[in-house]
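Raw contents of protein33.tsv, TSV, C-alpha atoms:
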chain	number	residue	atom	x	y	z
A	1	MET	CA	101.03	186.04	108.11
A	2	ILE	CA	100.13	186.64	111.73
A	3	CYS	CA	102.38	185.12	114.37
A	4	PRO	CA	100.39	182.85	116.70
A	5	HIS	CA	102.44	183.99	119.67
A	6	CYS	CA	102.79	187.78	119.49
A	7	HIS	CA	100.00	188.28	116.94
A	8	SER	CA	102.18	190.58	114.94
A	9	GLU	CA	102.52	190.48	111.22
A	10	THR	CA	105.53	188.58	110.01
A	11	SER	CA	106.83	187.15	106.79
A	12	ASP	CA	105.36	183.83	105.79
A	13	MET	CA	108.52	182.83	104.00
A	14	ARG	CA	110.42	182.32	107.26
A	15	PRO	CA	109.79	179.60	109.84
A	16	VAL	CA	110.29	181.97	112.81
A	17	CYS	CA	108.60	185.23	113.67
A	18	GLU	CA	110.53	188.36	112.86
A	19	VAL	CA	109.24	190.08	116.00
A	20	CYS	CA	109.37	187.53	118.77
A	21	GLY	CA	111.62	184.96	117.17
A	22	LYS	CA	109.35	182.06	117.92
A	23	SER	CA	108.21	179.44	115.43
A	24	VAL	CA	105.30	180.57	113.28
A	25	PHE	CA	103.81	177.05	113.16
A	26	ALA	CA	100.72	176.19	115.21
A	27	ALA	CA	101.28	176.50	118.92
A	28	GLY	CA	100.54	173.80	121.55
A	29	PRO	CA	97.65	173.85	124.02
A	30	GLN	CA	99.67	176.14	126.34
A	31	GLY	CA	100.37	178.49	123.52
A	32	GLU	CA	103.91	177.30	123.30
A	33	ALA	CA	105.20	176.22	119.97
A	34	PRO	CA	106.91	172.87	119.93
A	35	ALA	CA	110.65	173.10	119.92
A	36	VAL	CA	112.24	172.62	116.58
A	37	PRO	CA	115.31	170.41	116.78
A	38	GLN	CA	118.43	171.98	115.38
A	39	GLY	CA	119.34	170.96	111.92
A	40	ALA	CA	115.92	169.49	111.30
A	41	GLY	CA	113.84	170.49	108.28
A	42	PRO	CA	110.29	171.69	108.26
A	43	HIS	CA	108.98	168.15	107.67
A	44	GLN	CA	109.58	165.50	110.29
A	45	PRO	CA	109.09	161.81	109.42
A	46	VAL	CA	106.51	160.10	111.57
A	47	ALA	CA	107.48	156.77	113.07
A	48	PRO	CA	105.28	153.96	111.71
A	49	GLN	CA	102.59	152.91	114.10
A	50	GLY	CA	102.40	149.17	114.75
A	51	PRO	CA	99.30	147.20	115.69
A	52	PRO	CA	98.08	147.76	119.22
A	53	ARG	CA	99.73	145.32	121.48
A	54	ALA	CA	97.80	143.29	123.95
A	55	ALA	CA	98.85	143.50	127.55
A	56	PRO	CA	101.15	140.66	128.56
A	57	PRO	CA	99.43	137.88	130.43
A	58	PRO	CA	99.97	137.88	134.19
A	59	GLY	CA	102.21	135.33	135.72
A	60	GLY	CA	104.35	134.83	132.72
A	61	ALA	CA	101.85	132.56	130.92
A	62	PRO	CA	102.83	131.70	127.35
A	63	HIS	CA	101.18	133.99	124.81
A	64	THR	CA	99.09	132.23	122.19
A	65	PRO	CA	98.88	134.14	118.92
A	66	PRO	CA	95.41	134.53	117.38
A	67	GLN	CA	94.43	131.78	114.97
A	68	PRO	CA	94.36	132.72	111.24
A	69	PRO	CA	91.01	132.48	109.44
A	70	TYR	CA	92.25	129.83	106.97
A	71	PRO	CA	92.70	126.21	107.94
A	72	ALA	CA	96.00	124.99	109.18
A	73	PRO	CA	98.21	123.21	106.65
A	74	THR	CA	98.00	119.47	106.50
A	75	GLY	CA	101.67	119.02	106.88
A	76	GLN	CA	105.00	120.52	106.18
A	77	GLY	CA	105.54	120.69	102.44
A	78	GLN	CA	102.07	119.32	101.58
A	79	TYR	CA	99.14	121.14	100.04
A	80	ARG	CA	95.46	120.59	100.52
A	81	PRO	CA	93.92	118.82	97.52
A	82	PRO	CA	91.32	120.80	95.58
A	83	PRO	CA	87.67	120.20	96.42
A	84	PRO	CA	85.68	117.86	94.16
A	85	ALA	CA	83.91	119.23	91.08
A	86	SER	CA	80.58	119.30	92.85
A	87	ASP	CA	82.03	121.49	95.53
A	88	ALA	CA	84.25	123.74	93.50
A	89	PHE	CA	83.12	126.88	95.26
A	90	GLY	CA	82.91	125.36	98.70
A	91	TYR	CA	79.13	125.44	98.74
A	92	GLY	CA	78.77	121.76	99.37
A	93	PRO	CA	76.88	119.24	97.24
A	94	PRO	CA	73.78	120.46	95.40
A	95	PRO	CA	70.54	120.01	97.28
A	96	GLN	CA	68.65	116.90	96.35
A	97	GLY	CA	65.53	115.18	97.39
A	98	GLU	CA	61.90	116.06	97.49
A	99	GLY	CA	62.33	119.06	99.71
A	100	PHE	CA	64.29	121.15	97.26
A	101	TYR	CA	61.63	121.92	94.67
A	102	PRO	CA	58.08	122.80	95.62
A	103	PRO	CA	55.57	120.04	95.05
A	104	PRO	CA	53.30	120.23	91.97
A	105	ILE	CA	49.93	121.93	92.34
A	106	PRO	CA	47.22	119.31	92.62
A	107	GLY	CA	44.79	119.37	89.71
A	108	ALA	CA	47.09	121.34	87.43
A	109	PRO	CA	47.62	119.95	83.91
A	110	PRO	CA	50.78	117.96	83.46
A	111	SER	CA	53.69	119.94	82.18
A	112	GLU	CA	57.07	119.00	80.91
A	113	TRP	CA	58.69	121.24	83.46
A	114	SER	CA	56.56	120.33	86.47
A	115	THR	CA	58.96	117.60	87.53
A	116	PRO	CA	62.43	118.93	87.13
A	117	GLY	CA	65.22	116.49	87.34
A	118	ARG	CA	63.26	113.84	85.48
A	119	ALA	CA	63.37	113.00	81.81
A	120	ARG	CA	60.83	114.74	79.59
A	121	PRO	CA	57.74	112.62	79.00
A	122	THR	CA	57.84	110.78	75.71
A	123	GLU	CA	54.21	109.68	75.62
A	124	GLY	CA	52.47	110.81	72.45
A	125	ARG	CA	55.73	111.72	70.80
A	126	SER	CA	57.06	110.11	67.65
A	127	LYS	CA	60.00	107.93	68.29
A	128	ASN	CA	61.73	109.18	65.15
A	129	PRO	CA	61.94	112.99	64.83
A	130	LEU	CA	61.39	114.52	61.42
A	131	TYR	CA	64.96	115.67	60.98
A	132	LEU	CA	66.18	112.12	61.47
A	133	SER	CA	63.92	110.83	58.71
A	134	PRO	CA	65.24	110.85	55.13
A	135	TRP	CA	61.93	111.82	53.53
A	136	PRO	CA	62.13	115.61	54.04
A	137	TYR	CA	65.53	115.66	52.43
A	138	VAL	CA	64.36	113.49	49.53
A	139	VAL	CA	61.41	115.77	48.90
A	140	GLY	CA	63.61	118.85	49.03
A	141	ILE	CA	66.09	117.41	46.58
A	142	VAL	CA	63.34	116.38	44.18
A	143	VAL	CA	61.84	119.87	44.27
A	144	VAL	CA	65.16	121.57	43.61
A	145	VAL	CA	66.02	119.19	40.78
A	146	GLY	CA	62.59	119.69	39.27
A	147	VAL	CA	62.96	123.44	39.31
A	148	VAL	CA	66.36	123.28	37.67
A	149	VAL	CA	65.21	120.84	35.00
A	150	GLY	CA	62.17	122.94	34.28
A	151	LEU	CA	64.26	126.04	33.84
A	152	VAL	CA	66.63	124.25	31.51
A	153	LEU	CA	64.00	122.52	29.41
A	154	PHE	CA	61.50	125.33	29.08
A	155	ARG	CA	64.00	128.10	28.73
A	156	GLY	CA	64.43	127.47	25.00
A	157	LYS	CA	60.72	127.29	24.35
A	158	ALA	CA	60.13	130.62	26.06
A	159	THR	CA	62.19	132.42	23.39
A	160	ALA	CA	60.23	130.98	20.44
A	161	TYR	CA	57.47	133.04	18.87
A	162	PRO	CA	55.95	130.99	16.07
A	163	GLU	CA	52.81	133.14	16.14
A	164	LEU	CA	54.81	136.07	14.79
A	165	LEU	CA	56.10	134.22	11.74
A	166	VAL	CA	54.87	135.28	8.34
A	167	ASN	CA	53.89	132.35	6.14
A	168	ASN	CA	55.84	130.06	8.53
A	169	ARG	CA	59.05	131.42	7.14
A	170	PRO	CA	62.02	133.10	8.79
A	171	THR	CA	60.86	136.60	9.65
A	172	MET	CA	62.45	139.86	10.58
A	173	LEU	CA	60.45	141.92	13.04
A	174	ASP	CA	60.93	145.63	12.48
A	175	PHE	CA	59.85	147.53	15.60
A	176	TYR	CA	59.25	151.23	14.95
A	177	THR	CA	57.23	154.15	16.23
A	178	ASN	CA	55.35	156.89	14.42
A	179	THR	CA	56.77	159.77	16.45
B	180	MET	CA	66.86	152.79	7.49
B	181	ALA	CA	63.65	152.11	5.61
B	182	PRO	CA	65.31	152.01	2.17
B	183	VAL	CA	67.98	149.62	3.50
B	184	VAL	CA	65.36	147.35	5.01
B	185	ASN	CA	63.29	147.38	1.84
B	186	GLY	CA	66.34	146.61	-0.25
B	187	LEU	CA	67.33	143.65	1.91
B	188	ALA	CA	63.75	142.41	2.02
B	189	ALA	CA	63.69	142.41	-1.75
B	190	SER	CA	67.00	140.56	-1.86
B	191	TYR	CA	65.81	137.86	0.48
B	192	GLN	CA	62.27	137.66	-0.86
B	193	GLY	CA	60.94	134.15	-0.45
B	194	LYS	CA	63.55	133.33	2.13
B	195	VAL	CA	63.02	135.87	4.87
B	196	GLU	CA	59.81	137.78	5.43
B	197	VAL	CA	59.59	141.23	7.01
B	198	ARG	CA	56.96	142.26	9.53
B	199	HIS	CA	56.68	145.87	10.64
B	200	ILE	CA	55.31	146.35	14.17
B	201	ASP	CA	54.39	149.71	15.65
B	202	ALA	CA	55.53	149.61	19.29
B	203	ASN	CA	52.80	152.08	20.25
B	204	THR	CA	49.87	150.18	18.73
B	205	ASP	CA	51.16	146.73	19.66
B	206	PRO	CA	52.67	147.06	23.12
B	207	VAL	CA	52.16	143.33	23.80
B	208	SER	CA	54.71	142.34	21.19
B	209	ALA	CA	57.04	145.05	22.42
B	210	GLU	CA	56.70	143.71	25.96
B	211	LYS	CA	57.49	140.19	24.79
B	212	PHE	CA	60.90	141.21	23.56
B	213	ASN	CA	61.62	143.73	26.34
B	214	LEU	CA	61.91	146.50	23.86
B	215	ARG	CA	64.23	149.25	25.04
B	216	GLY	CA	64.18	151.51	22.00
B	217	VAL	CA	63.46	151.87	18.32
B	218	PRO	CA	64.39	150.83	15.74
B	219	THR	CA	64.89	147.24	16.90
B	220	TYR	CA	65.22	144.35	14.49
B	221	ILE	CA	64.56	140.81	15.68
B	222	PHE	CA	65.21	137.88	13.40
B	223	LEU	CA	63.24	134.66	13.86
B	224	ASP	CA	64.04	131.37	12.18
B	225	SER	CA	61.47	128.99	10.75
B	226	THR	CA	60.60	127.66	14.21
B	227	GLY	CA	60.04	131.09	15.67
B	228	GLU	CA	63.18	131.16	17.76
B	229	VAL	CA	65.15	134.35	18.02
B	230	VAL	CA	68.43	134.01	16.14
B	231	GLU	CA	69.48	137.66	16.04
B	232	ARG	CA	68.57	140.92	17.74
B	233	GLN	CA	69.80	144.33	16.73
B	234	GLU	CA	69.06	147.69	18.22
B	235	GLY	CA	69.65	150.77	16.16
B	236	GLY	CA	70.36	151.00	12.45
B	237	ASN	CA	73.42	149.32	10.97
B	238	PRO	CA	73.06	148.21	7.35
B	239	SER	CA	75.93	145.70	7.46
B	240	LEU	CA	74.59	144.06	10.59
B	241	LEU	CA	71.11	143.95	9.11
B	242	GLU	CA	72.32	141.89	6.18
B	243	GLN	CA	74.10	139.59	8.63
B	244	GLY	CA	70.81	139.08	10.44
B	245	PHE	CA	69.02	138.23	7.20
B	246	LYS	CA	71.60	135.59	6.46
B	247	LYS	CA	71.26	134.07	9.89
B	248	ALA	CA	67.50	133.93	9.67
B	249	ALA	CA	67.73	132.36	6.24
B	250	GLY	CA	70.13	129.77	7.60
B	251	GLN	CA	73.02	130.82	5.44
Would you encode the structure as structure tokens?
Amino acid sequence: MICPHCHSETSDMRPVCEVCGKSVFAAGPQGEAPAVPQGAGPHQPVAPQGPPRAAPPPGGAPHTPPQPPYPAPTGQGQYRPPPPASDAFGYGPPPQGEGFYPPPIPGAPPSEWSTPGRARPTEGRSKNPLYLSPWPYVVGIVVVVGVVVGLVLFRGKATAYPELLVNNRPTMLDFYTNT
Amino acid sequence: MAPVVNGLAASYQGKVEVRHIDANTDPVSAEKFNLRGVPTYIFLDSTGEVVERQEGGNPSLLEQGFKKAAGQ
């Protein structure tokens, strides 16, 4: 490496120049390398920097520390109760009143959703929904039972072939091919 | 199997009738019984219900079918 002081070539494995004997580390603004304390290693710990301190008030006035962003505690040993359920995130109560939702468009057909917050209109609707009535279930059960009974009753008749009997007597059918 | 069938038919004459069906000329009957191959022997009782079904030729089983159809 090149020494920053005498600009001669020196070993980069040594902290000082082999020619001029000065430190090979970067020099100061005057070209002088900072003095290396004896016994110190190549790495010097840096003292931790604290927060910038404000200048002391004149006249010996008492210094008031800055207020924290969170509210002060209610008392020693006490904790602030949690907000109510409607204000769990600290947003305050939900907006209410006529000014929250836009008013309905005049002349538009009525819609179930045009007046949010109100119950859905029940005019023209049956008081008893279909699923609460027993008749659909009765009909379904009757259909299923009918299908099952039909399969059971007519299954035997489907395997009878009286038209193939010879002289209405027990018959053996001999299936063959002329190949 | 023809001699065996003829012999059994003669033995059970008057009790069990024999009907020969060509599967090629009568495909409707073959379709009725879901025929899978020949020879196939299907035994019907006096009401026309199937009491026995045999596929392939087995003389001992054929006689068993005749007895079933005859109600013995």
*asked:* Would you pick out the contacts of Val197 in chain B at 7 Å or less, using all atoms listed in the file, so that residues sharing its chain but fewer than 4 positions from it are not included, and give the list as a PyMOL selection string?
replied: (chain A and resi 171-173) or (chain B and resi 188)
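Remark: for chain B, the closest of the candidate residues A:Pro129, A:Thr179, A:Leu165, A:Val138 is A:Leu165 (distances computed over all atoms listed in the file).
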_Here is a test: counting all atoms listed in the file, which residue of B:Val230, B:Ala189, B:Val207, B:Ile221 is nearest to chain A?_
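Distance minimum relative to chain A lands on B:Ile221.
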*Smallest atom-to-atom distance to chain B: which of A:His7, A:Lys127, A:Lys22, A:Arg169, using only C-alpha atoms?*
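Residue with the minimum atom-to-atom distance to chain B: A:Arg169.
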*Considering all atoms listed in the file, extract the chain B residues located within 8 Å of chain A and return them as a list in words.*
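The contacting residues on chain B are Lys194, Val195, Glu196, Val197, Arg198, His199, Ile200, Asp201, Ala202, Asn203, Ala209, Val217, Pro218, Thr219, Tyr220, Ile221, Phe222, Leu223, Asp224, Ser225, Thr226, Gly227, Glu228, Val229, Phe245, Ala248 and Ala249 of chain B.
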*Calculate how many Å separate CA of Val24 in chain A from CA of Ser8 in chain A, rounding to one decimal.*
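Distance reported for this atom pair: 10.6 Å.
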*Given the choices B:Ala181, B:Gln192, B:Gly216, B:Lys211, which gets closest to Glu234 in chain B if the distance is worked out from only C-alpha atoms?*
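Closest to Glu234 in chain B of all the choices is B:Gly216.
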*Find the distance between CA of Glu210 in chain B and CA of Gln243 in chain B and write it in Å to one decimal.*
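Value for the CA of Glu210 in chain B-CA of Gln243 in chain B distance: 24.9 Å.
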